[in-house]
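Enquirer: So I've got this file, final-v1.tsv, and it contains TSV, C-alpha atoms:
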```tsv
chain	number	residue	atom	x	y	z
G	1	MET	CA	-117.73	72.42	-60.85
G	2	GLU	CA	-114.32	72.41	-62.48
G	3	ALA	CA	-113.10	69.93	-59.98
G	4	ALA	CA	-116.05	67.69	-60.74
G	5	ASN	CA	-115.30	67.87	-64.46
G	6	THR	CA	-111.64	66.98	-63.91
G	7	GLN	CA	-112.68	64.02	-61.75
G	8	GLN	CA	-115.10	62.85	-64.48
G	9	LYS	CA	-112.39	63.20	-67.15
G	10	ASN	CA	-109.97	61.17	-65.02
G	11	PHE	CA	-112.66	58.54	-64.50
G	12	HIS	CA	-113.23	58.24	-68.26
G	13	LYS	CA	-109.49	58.06	-68.86
G	14	MET	CA	-109.27	55.21	-66.34
G	15	ILE	CA	-112.18	53.41	-67.98
G	16	ASN	CA	-110.50	53.78	-71.40
G	17	LYS	CA	-107.23	52.45	-70.00
G	18	LYS	CA	-109.04	49.41	-68.53
G	19	ALA	CA	-110.76	48.72	-71.84
G	20	GLN	CA	-107.44	48.97	-73.67
G	21	THR	CA	-105.88	46.53	-71.21
G	22	GLU	CA	-108.70	44.03	-71.81
G	23	ILE	CA	-108.34	44.32	-75.58
G	24	GLY	CA	-104.57	43.92	-75.26
G	25	LYS	CA	-104.99	40.82	-73.12
G	26	THR	CA	-107.47	39.31	-75.56
G	27	LEU	CA	-105.23	40.09	-78.50
G	28	THR	CA	-102.25	38.39	-76.76
G	29	PHE	CA	-104.21	35.39	-75.50
G	30	PHE	CA	-105.78	34.25	-78.79
G	31	PRO	CA	-102.59	33.90	-80.87
G	32	VAL	CA	-100.91	32.02	-78.01
G	33	PHE	CA	-103.97	29.80	-77.60
G	34	LEU	CA	-104.02	29.08	-81.31
G	35	ILE	CA	-100.27	28.25	-81.39
G	36	VAL	CA	-100.58	25.91	-78.38
G	37	THR	CA	-103.59	24.16	-79.96
G	38	PHE	CA	-101.74	23.86	-83.25
G	39	LEU	CA	-98.71	22.36	-81.51
G	40	MET	CA	-100.91	19.87	-79.65
G	41	VAL	CA	-102.47	18.71	-82.91
G	42	VAL	CA	-99.02	18.41	-84.55
G	43	PHE	CA	-97.81	16.44	-81.51
G	44	ILE	CA	-100.74	14.00	-81.70
G	45	LEU	CA	-100.30	13.51	-85.45
G	46	ILE	CA	-96.55	12.88	-85.14
G	47	THR	CA	-97.14	10.46	-82.26
G	48	ILE	CA	-99.63	8.50	-84.36
G	49	ASN	CA	-97.09	8.40	-87.18
G	50	PHE	CA	-94.38	7.15	-84.83
G	51	SER	CA	-96.58	4.34	-83.53
G	52	LEU	CA	-97.43	3.35	-87.10
G	53	LEU	CA	-93.75	3.30	-88.04
G	54	LYS	CA	-92.88	1.08	-85.10
G	55	LYS	CA	-95.66	-1.41	-85.75
G	56	GLN	CA	-94.38	-4.71	-87.14
G	57	THR	CA	-95.79	-5.43	-90.56
G	58	SER	CA	-95.19	-9.18	-90.41
G	59	PRO	CA	-95.00	-10.38	-86.80
G	60	GLU	CA	-92.64	-13.27	-86.25
G	61	ILE	CA	-94.35	-16.49	-85.22
G	62	ILE	CA	-92.74	-17.54	-81.98
G	63	SER	CA	-93.37	-21.14	-81.12
G	64	PRO	CA	-91.38	-23.25	-78.71
G	65	GLU	CA	-89.18	-25.82	-80.36
G	66	ILE	CA	-89.88	-29.39	-79.33
G	67	PRO	CA	-86.53	-31.04	-78.37
G	68	GLU	CA	-87.49	-34.17	-80.37
G	69	ASN	CA	-87.66	-32.08	-83.54
G	70	ASN	CA	-84.47	-30.14	-82.89
G	71	LEU	CA	-81.96	-31.06	-85.59
G	72	LEU	CA	-79.03	-30.02	-83.39
G	73	LEU	CA	-79.91	-32.59	-80.72
G	74	LYS	CA	-80.35	-35.55	-83.07
G	75	LYS	CA	-77.95	-38.45	-82.67
G	76	ILE	CA	-75.77	-39.29	-85.66
G	77	GLU	CA	-72.74	-41.47	-86.32
G	78	ILE	CA	-69.69	-39.79	-87.75
G	79	SER	CA	-66.02	-40.63	-88.34
G	80	LEU	CA	-63.71	-38.54	-86.20
G	81	ASP	CA	-59.96	-38.67	-85.55
G	82	ASN	CA	-59.21	-41.99	-83.79
G	83	HIS	CA	-62.95	-42.69	-83.48
G	84	PRO	CA	-64.48	-44.44	-86.49
G	85	GLN	CA	-68.27	-44.18	-86.44
G	86	LYS	CA	-68.65	-42.36	-83.15
G	87	LYS	CA	-72.17	-41.59	-81.93
G	88	VAL	CA	-72.50	-37.82	-81.37
G	89	LEU	CA	-75.13	-35.07	-81.62
G	90	VAL	CA	-75.51	-32.96	-84.77
G	91	ILE	CA	-74.37	-29.87	-82.83
G	92	ASP	CA	-71.15	-31.72	-81.93
G	93	ALA	CA	-70.55	-32.52	-85.60
G	94	LEU	CA	-71.17	-28.85	-86.45
G	95	ALA	CA	-68.66	-27.82	-83.76
G	96	GLU	CA	-66.11	-30.14	-85.38
G	97	TYR	CA	-67.03	-28.75	-88.77
G	98	ILE	CA	-66.56	-25.06	-87.87
G	99	GLN	CA	-63.18	-25.96	-86.38
G	100	GLY	CA	-62.24	-27.54	-89.72
G	101	ARG	CA	-61.89	-31.10	-88.39
G	102	ILE	CA	-64.53	-32.64	-90.65
G	103	ASN	CA	-65.66	-31.69	-94.13
G	104	ARG	CA	-69.07	-31.07	-95.58
G	105	ASN	CA	-69.37	-34.52	-97.17
G	106	SER	CA	-68.85	-36.26	-93.82
G	107	LEU	CA	-71.40	-33.96	-92.21
G	108	ASP	CA	-73.88	-34.49	-95.02
G	109	SER	CA	-73.63	-38.29	-95.07
G	110	ALA	CA	-73.98	-38.41	-91.27
G	111	ILE	CA	-77.16	-36.31	-91.22
G	112	LYS	CA	-78.77	-37.92	-94.29
G	113	PRO	CA	-80.06	-41.03	-92.38
G	114	LEU	CA	-82.25	-38.70	-90.29
G	115	LEU	CA	-84.46	-38.00	-93.30
G	116	ASN	CA	-87.70	-39.97	-93.34
G	117	GLU	CA	-91.30	-39.57	-94.48
G	118	LYS	CA	-92.21	-37.26	-91.59
G	119	ASN	CA	-89.05	-35.17	-91.59
G	120	ASN	CA	-87.90	-35.20	-95.16
G	121	CYS	CA	-85.95	-31.98	-95.35
G	122	TYR	CA	-83.23	-30.17	-93.48
G	123	ILE	CA	-81.36	-26.91	-93.94
G	124	LEU	CA	-77.91	-25.98	-92.78
G	125	TYR	CA	-76.70	-22.46	-93.45
G	126	SER	CA	-73.66	-20.60	-92.23
G	127	GLU	CA	-73.57	-16.80	-92.10
G	128	SER	CA	-69.85	-16.26	-91.97
G	129	LYS	CA	-68.25	-19.39	-93.39
G	130	ASN	CA	-68.76	-21.16	-96.65
G	131	ILE	CA	-69.98	-24.69	-96.05
G	132	GLY	CA	-67.53	-26.78	-98.00
G	133	GLU	CA	-64.82	-25.60	-100.34
G	134	THR	CA	-67.18	-24.05	-102.90
G	135	SER	CA	-68.91	-20.69	-102.71
G	136	GLU	CA	-72.32	-21.79	-101.45
G	137	LYS	CA	-73.09	-20.80	-97.88
G	138	GLY	CA	-75.44	-23.65	-97.09
G	139	TYR	CA	-77.72	-26.28	-98.46
G	140	ILE	CA	-81.23	-27.63	-98.32
G	141	LYS	CA	-81.19	-31.39	-98.32
G	142	THR	CA	-83.99	-33.74	-99.18
G	143	ALA	CA	-83.87	-37.51	-99.62
G	144	SER	CA	-83.37	-37.20	-103.37
G	145	ASN	CA	-82.22	-33.65	-103.91
G	146	LEU	CA	-79.58	-31.18	-102.73
G	147	GLU	CA	-80.13	-27.50	-103.35
G	148	GLU	CA	-77.22	-25.20	-102.71
G	149	ILE	CA	-77.83	-21.77	-101.22
G	150	ARG	CA	-75.58	-19.09	-102.65
G	151	GLY	CA	-77.29	-15.85	-101.60
G	152	ASN	CA	-79.72	-14.81	-98.91
G	153	LEU	CA	-81.42	-17.80	-97.29
G	154	ARG	CA	-84.73	-15.91	-97.02
G	155	ASP	CA	-84.92	-15.68	-100.82
G	156	TYR	CA	-85.41	-19.45	-100.88
G	157	PHE	CA	-88.35	-19.35	-98.47
G	158	PRO	CA	-91.16	-16.91	-99.31
G	159	GLU	CA	-93.06	-18.08	-96.20
G	160	TRP	CA	-90.05	-17.83	-93.90
G	161	GLU	CA	-92.04	-16.79	-90.81
G	162	LYS	CA	-94.20	-19.94	-90.91
G	163	LEU	CA	-91.24	-22.32	-90.76
G	164	GLN	CA	-89.40	-23.16	-87.58
G	165	ILE	CA	-86.07	-21.98	-88.90
G	166	LYS	CA	-83.69	-21.16	-86.06
G	167	THR	CA	-80.32	-19.48	-85.84
G	168	ILE	CA	-77.70	-20.09	-83.15
G	169	SER	CA	-74.32	-18.61	-82.33
G	170	LEU	CA	-72.05	-21.61	-82.10
G	171	SER	CA	-68.66	-21.28	-80.41
G	172	ALA	CA	-66.30	-24.21	-80.16
G	173	GLY	CA	-62.61	-23.94	-79.31
G	174	ASN	CA	-61.42	-20.79	-81.05
G	175	ALA	CA	-64.01	-20.97	-83.83
G	176	GLN	CA	-67.30	-19.10	-83.93
G	177	ASP	CA	-70.13	-19.05	-86.43
G	178	ARG	CA	-73.85	-18.37	-86.76
G	179	ILE	CA	-75.66	-21.45	-88.00
G	180	THR	CA	-79.23	-21.43	-89.32
G	181	TYR	CA	-80.97	-24.78	-89.29
G	182	TYR	CA	-84.30	-26.44	-89.97
G	183	TYR	CA	-85.54	-30.01	-89.73
G	184	GLY	CA	-89.01	-31.09	-90.77
G	185	LYS	CA	-91.30	-31.19	-93.77
G	186	CYS	CA	-90.13	-29.64	-97.02
C	1	MET	CA	-100.42	50.29	-65.30
C	2	LEU	CA	-98.70	49.64	-68.61
C	3	ILE	CA	-95.75	47.92	-66.89
C	4	LYS	CA	-98.16	45.68	-64.99
C	5	ASN	CA	-99.85	44.57	-68.23
C	6	LYS	CA	-96.51	43.58	-69.76
C	7	LYS	CA	-95.72	41.49	-66.69
C	8	ALA	CA	-99.01	39.62	-67.14
C	9	ASP	CA	-97.89	38.34	-70.56
C	10	VAL	CA	-94.90	36.46	-69.13
C	11	PRO	CA	-96.86	33.38	-67.83
C	12	ILE	CA	-98.65	33.02	-71.16
C	13	THR	CA	-95.34	33.18	-73.03
C	14	LEU	CA	-93.96	30.59	-70.61
C	15	VAL	CA	-96.91	28.29	-71.36
C	16	LEU	CA	-95.93	28.41	-75.02
C	17	ILE	CA	-92.28	27.61	-74.32
C	18	VAL	CA	-93.08	24.83	-71.81
C	19	ALA	CA	-95.67	23.24	-74.13
C	20	PHE	CA	-93.20	23.26	-76.99
C	21	ALA	CA	-90.40	21.79	-74.85
C	22	LEU	CA	-92.70	19.08	-73.45
C	23	SER	CA	-93.83	18.12	-76.94
C	24	ILE	CA	-90.23	17.69	-78.10
C	25	ILE	CA	-89.24	15.69	-74.98
C	26	ALA	CA	-92.31	13.45	-75.30
C	27	LEU	CA	-91.60	12.76	-78.97
C	28	ILE	CA	-87.96	11.93	-78.27
C	29	SER	CA	-88.92	9.57	-75.44
C	30	PHE	CA	-91.51	7.87	-77.66
C	31	ALA	CA	-88.94	7.27	-80.39
C	32	THR	CA	-86.14	6.02	-78.14
C	33	PHE	CA	-88.33	3.90	-75.81
C	34	ASN	CA	-89.78	1.80	-78.63
C	35	SER	CA	-86.43	0.91	-80.17
C	36	GLU	CA	-84.91	-0.03	-76.81
C	37	LEU	CA	-87.82	-2.34	-76.06
C	38	THR	CA	-87.32	-4.20	-79.36
C	39	THR	CA	-83.59	-4.72	-78.71
C	40	GLN	CA	-84.16	-5.88	-75.14
C	41	SER	CA	-86.91	-8.26	-76.18
C	42	GLN	CA	-84.65	-9.84	-78.83
C	43	ASP	CA	-81.81	-10.14	-76.31
C	44	LEU	CA	-84.06	-11.82	-73.73
C	45	SER	CA	-85.48	-14.18	-76.34
C	46	ASP	CA	-81.95	-15.13	-77.50
C	47	MET	CA	-80.80	-15.74	-73.93
C	48	LEU	CA	-83.79	-17.97	-73.13
C	49	PHE	CA	-83.30	-19.92	-76.35
C	50	GLU	CA	-79.59	-20.36	-75.56
C	51	ILE	CA	-80.30	-21.58	-72.00
C	52	ASN	CA	-83.01	-24.01	-73.14
C	53	LEU	CA	-80.78	-25.40	-75.88
C	54	ALA	CA	-77.89	-25.86	-73.43
C	55	HIS	CA	-80.23	-27.58	-70.95
C	56	ASP	CA	-81.50	-30.02	-73.60
C	57	TYR	CA	-77.96	-30.52	-74.91
C	58	ILE	CA	-76.68	-31.54	-71.47
C	59	ALA	CA	-79.58	-33.99	-71.01
C	60	GLU	CA	-78.89	-35.62	-74.40
C	61	LYS	CA	-75.15	-35.61	-73.77
C	62	ALA	CA	-75.58	-37.33	-70.39
C	63	LYS	CA	-77.57	-40.10	-72.13
C	64	LEU	CA	-74.90	-40.55	-74.81
C	65	ILE	CA	-72.00	-40.62	-72.35
C	66	SER	CA	-73.80	-43.07	-70.05
C	67	GLU	CA	-74.64	-45.43	-72.93
C	68	GLU	CA	-71.04	-45.36	-74.12
C	69	ALA	CA	-69.68	-45.92	-70.59
C	70	ILE	CA	-72.03	-48.84	-69.83
C	71	ASN	CA	-71.38	-50.60	-73.14
C	72	SER	CA	-67.62	-50.17	-72.93
C	73	CYS	CA	-67.48	-51.59	-69.41
C	74	PRO	CA	-70.35	-54.05	-68.87
C	75	ALA	CA	-68.74	-56.07	-66.09
C	76	CYS	CA	-67.11	-53.21	-64.20
C	77	ASP	CA	-67.56	-52.39	-60.54
C	78	ASN	CA	-68.79	-48.93	-59.56
C	79	ILE	CA	-65.29	-47.43	-59.33
C	80	ASP	CA	-64.28	-48.57	-62.83
C	81	LEU	CA	-67.70	-47.59	-64.13
C	82	LYS	CA	-67.13	-44.05	-62.91
C	83	GLU	CA	-63.73	-43.97	-64.61
C	84	SER	CA	-65.34	-45.29	-67.80
C	85	PHE	CA	-67.91	-42.49	-67.58
C	86	LYS	CA	-65.15	-39.90	-67.16
C	87	SER	CA	-63.20	-41.18	-70.14
C	88	SER	CA	-66.34	-41.28	-72.32
C	89	ALA	CA	-67.14	-37.71	-71.28
C	90	GLU	CA	-63.66	-36.64	-72.32
C	91	THR	CA	-64.15	-38.03	-75.84
C	92	GLN	CA	-67.65	-36.53	-76.00
C	93	ASN	CA	-66.47	-33.03	-75.08
C	94	PHE	CA	-66.34	-30.98	-78.28
C	95	LYS	CA	-65.44	-27.75	-76.44
C	96	ILE	CA	-68.77	-26.09	-77.17
C	97	SER	CA	-69.14	-22.91	-75.11
C	98	ASN	CA	-72.16	-21.79	-73.03
C	99	ILE	CA	-72.91	-25.25	-71.63
C	100	GLY	CA	-71.99	-24.32	-68.07
C	101	ASN	CA	-70.02	-26.51	-65.69
C	102	PHE	CA	-71.30	-29.89	-66.91
C	103	PHE	CA	-67.96	-31.28	-68.12
C	104	GLY	CA	-66.15	-29.53	-65.24
C	105	LYS	CA	-68.29	-31.42	-62.73
C	106	ILE	CA	-67.42	-34.73	-64.42
C	107	ARG	CA	-63.70	-33.87	-64.53
C	108	ASN	CA	-63.75	-33.01	-60.80
C	109	ASN	CA	-65.58	-36.24	-59.86
C	110	GLU	CA	-68.62	-34.26	-58.69
C	111	PHE	CA	-71.09	-36.89	-59.88
C	112	GLN	CA	-72.40	-40.36	-59.06
C	113	PHE	CA	-72.65	-43.20	-61.54
C	114	GLU	CA	-73.59	-46.49	-59.98
C	115	GLN	CA	-75.00	-49.87	-60.86
C	116	LEU	CA	-77.66	-51.48	-58.71
C	117	ASP	CA	-78.98	-54.82	-60.02
C	118	ASN	CA	-79.54	-54.20	-63.72
C	119	THR	CA	-80.12	-50.49	-63.38
C	120	TYR	CA	-77.52	-47.79	-63.74
C	121	THR	CA	-78.08	-44.41	-62.06
C	122	LEU	CA	-76.43	-41.12	-62.97
C	123	LYS	CA	-76.63	-38.13	-60.62
C	124	ILE	CA	-75.05	-34.72	-61.22
C	125	GLU	CA	-76.16	-31.89	-58.96
C	126	ASN	CA	-76.02	-28.10	-59.26
C	127	ILE	CA	-75.23	-27.73	-62.93
C	128	ILE	CA	-75.16	-24.00	-63.61
C	129	LEU	CA	-75.97	-22.45	-66.97
C	130	GLN	CA	-75.51	-18.78	-67.72
C	131	SER	CA	-76.33	-16.56	-70.66
C	132	GLU	CA	-75.43	-12.88	-71.03
C	133	ARG	CA	-76.35	-10.05	-73.40
C	134	ASN	CA	-75.07	-6.56	-72.57
C	135	ASP	CA	-76.10	-5.90	-68.95
C	136	ASN	CA	-78.69	-8.69	-68.83
C	137	LYS	CA	-77.88	-12.10	-67.44
C	138	ILE	CA	-79.94	-15.28	-67.02
C	139	SER	CA	-78.75	-18.14	-64.82
C	140	ARG	CA	-80.30	-21.57	-64.39
C	141	GLU	CA	-79.30	-24.18	-61.85
C	142	PHE	CA	-80.53	-27.74	-62.15
C	143	SER	CA	-79.61	-31.34	-61.36
C	144	ILE	CA	-79.62	-34.50	-63.41
C	145	CYS	CA	-80.84	-37.86	-62.13
C	146	MET	CA	-81.30	-40.53	-64.81
C	147	GLU	CA	-81.73	-44.29	-64.89
C	148	PHE	CA	-80.43	-46.58	-67.63
C	149	ASN	CA	-80.99	-50.25	-68.37
C	150	LYS	CA	-78.25	-52.88	-68.75
C	151	ASN	CA	-77.85	-52.01	-72.46
C	152	GLY	CA	-77.17	-48.39	-71.61
C	153	LYS	CA	-80.50	-47.16	-72.90
C	154	TYR	CA	-82.14	-44.32	-70.98
C	155	SER	CA	-85.24	-45.56	-69.13
C	156	LYS	CA	-86.48	-42.68	-66.91
C	157	ASN	CA	-85.59	-39.80	-64.63
C	158	CYS	CA	-85.25	-40.73	-60.97
```
Hey, can you dump this file as structure tokens for me?

Expert:
Amino acid sequence: MEAANTQQKNFHKMINKKAQTEIGKTLTFFPVFLIVTFLMVVFILITINFSLLKKQTSPEIISPEIPENNLLLKKIEISLDNHPQKKVLVIDALAEYIQGRINRNSLDSAIKPLLNEKNNCYILYSESKNIGETSEKGYIKTASNLEEIRGNLRDYFPEWEKLQIKTISLSAGNAQDRITYYYGKC
Amino acid sequence: MLIKNKKADVPITLVLIVAFALSIIALISFATFNSELTTQSQDLSDMLFEINLAHDYIAEKAKLISEEAINSCPACDNIDLKESFKSSAETQNFKISNIGNFFGKIRNNEFQFEQLDNTYTLKIENIILQSERNDNKISREFSICMEFNKNGKYSKNC
């Protein structure tokens, strides 16, 4: 009888222990589950924020430049050392210019004949070198007007992305410069 | 029994640590991957633009040099015509970089410039252009074959 009671007591003890283990497991699992869920939500929110940050607000319009409309490949006549009125390309004249062999006035008067009703405006802008002896860094030229650019070129064009304004790194001899150019309608 | 229960908590704790570590790694890779893609895209775009500009420049330059050579030597035979082309090319070389081996080919006589009846033909083969940004490189190999009339004006590609 006593033995049976002891066995029953042990059985109850074991049952209690098992119940305690289950409660312990449940108590451990829920906080961990909640933390993992919370971290997942934080992760998703931060990821969404990252993708929003990386999204371009004003996508650049990329359109291939037609060689016929490329200012740099237009033929002009310019006076060079030992070659009066030599036929060259605009990019050649710019190479001579950044090497200091021709001045802005020569460059300007050589490019001016390219202006017509269809293409009545051009822009030349240097990032590192002042064009000419004065402080302006570039100029916008029309048939009747010359506007000098003294600050940021983009300030002069609110609709910058819509224009086919290009920038090239030009290296000639020991000289190097970044030239921004445009040729077309004003 | 108690020791066994404590051991059972270890995998759950590991899940927490691994989930946290994975979240951090994923966020870092998201941030760095996007910026690298933008830089690479800009580099590739610049290289393509540079190559296309050099290609068009060489084509325009070949027309200019040919016109100058033909007009400066209208009654020359093919040998003198070739020399005239070489000397025009020398005066038309403004030492612009990234235009490949175009002027080198002319200097080394690796070109043909001939007159047949009233048509002049210019052939330069295997002109190589190259553009580099960091570890990326684009090369383009092409040939020129152009025909000009007796006034030195470009008529068509042959």

Enquirer: What residues in chain C have any atom no more than 9 Å from chain G when counting only C-alpha atoms, and can you write them as an MDAnalysis selection string?

Expert: chainID C and resid 1:2 5 8:9 12:13 15:16 19:20 23:24 26:27 30:31 34:35 46 49:50 53 56:57 60:61 64 68 92:98

Enquirer: Separation of CA of Lys105 (chain C) and CA of Lys123 (chain C), in Å?

Expert: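 These two atoms are separated by 10.9 Å.
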
Enquirer: State, in Å with one decimal place, the distance from CA of Cys145 (chain C) to CA of Cys158 (chain C).

Expert: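 Separation between CA of Cys145 (chain C) and CA of Cys158 (chain C): 5.4 Å.
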
Enquirer: Mind checking which residues fall within 12 Å of Asn108 (chain C), counting all atoms listed in the file, ignoring those fewer than 6 positions away in the same chain, and posting them as an MDAnalysis selection string?

Expert: chainID C and resid 82:83 86 89 101:102 124

Enquirer: CA of Leu124 (chain G) and CA of Asn69 (chain G) are how many Å apart?

Expert: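 Atom-to-atom, CA of Leu124 (chain G) and CA of Asn69 (chain G) are spaced 14.8 Å apart.
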
Enquirer: Within 9 Å of Asn119 (chain G), counting only C-alpha atoms, which residues qualify if same-chain residues fewer than 6 places away don't, as a ChimeraX atom specification?

Expert: /G:69,183-186

Enquirer: Which residues, protein or nucleic acid, reach to within 7 Å of (-81.4, -24.3, -89.0) in the file's coordinates when using all atoms listed in the file, and can you give that as an mmCIF file with C-alpha atoms, keeping the file's coordinate frame?

Expert:
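Dumped everything to result_17.cif:
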```
data_model
loop_
_atom_site.group_PDB
_atom_site.id
_atom_site.type_symbol
_atom_site.label_atom_id
_atom_site.label_comp_id
_atom_site.auth_asym_id
_atom_site.auth_seq_id
_atom_site.Cartn_x
_atom_site.Cartn_y
_atom_site.Cartn_z
ATOM 1 C CA ILE G 123 -81.360 -26.910 -93.940
ATOM 2 C CA LEU G 124 -77.910 -25.980 -92.780
ATOM 3 C CA TYR G 125 -76.700 -22.460 -93.450
ATOM 4 C CA ILE G 165 -86.070 -21.980 -88.900
ATOM 5 C CA LYS G 166 -83.690 -21.160 -86.060
ATOM 6 C CA THR G 167 -80.320 -19.480 -85.840
ATOM 7 C CA ILE G 179 -75.660 -21.450 -88.000
ATOM 8 C CA THR G 180 -79.230 -21.430 -89.320
ATOM 9 C CA TYR G 181 -80.970 -24.780 -89.290
ATOM 10 C CA TYR G 182 -84.300 -26.440 -89.970
#
```

Enquirer: List the spatial neighbours of Gln85 (chain G) as JSON, numbers by chain - criterion: any atom at most 12 Å away, only C-alpha atoms, same-chain residues fewer than 3 positions off excluded.

Expert: {"G": [75, 76, 77, 78, 79, 80, 81, 82, 88, 93, 106, 109, 110]}
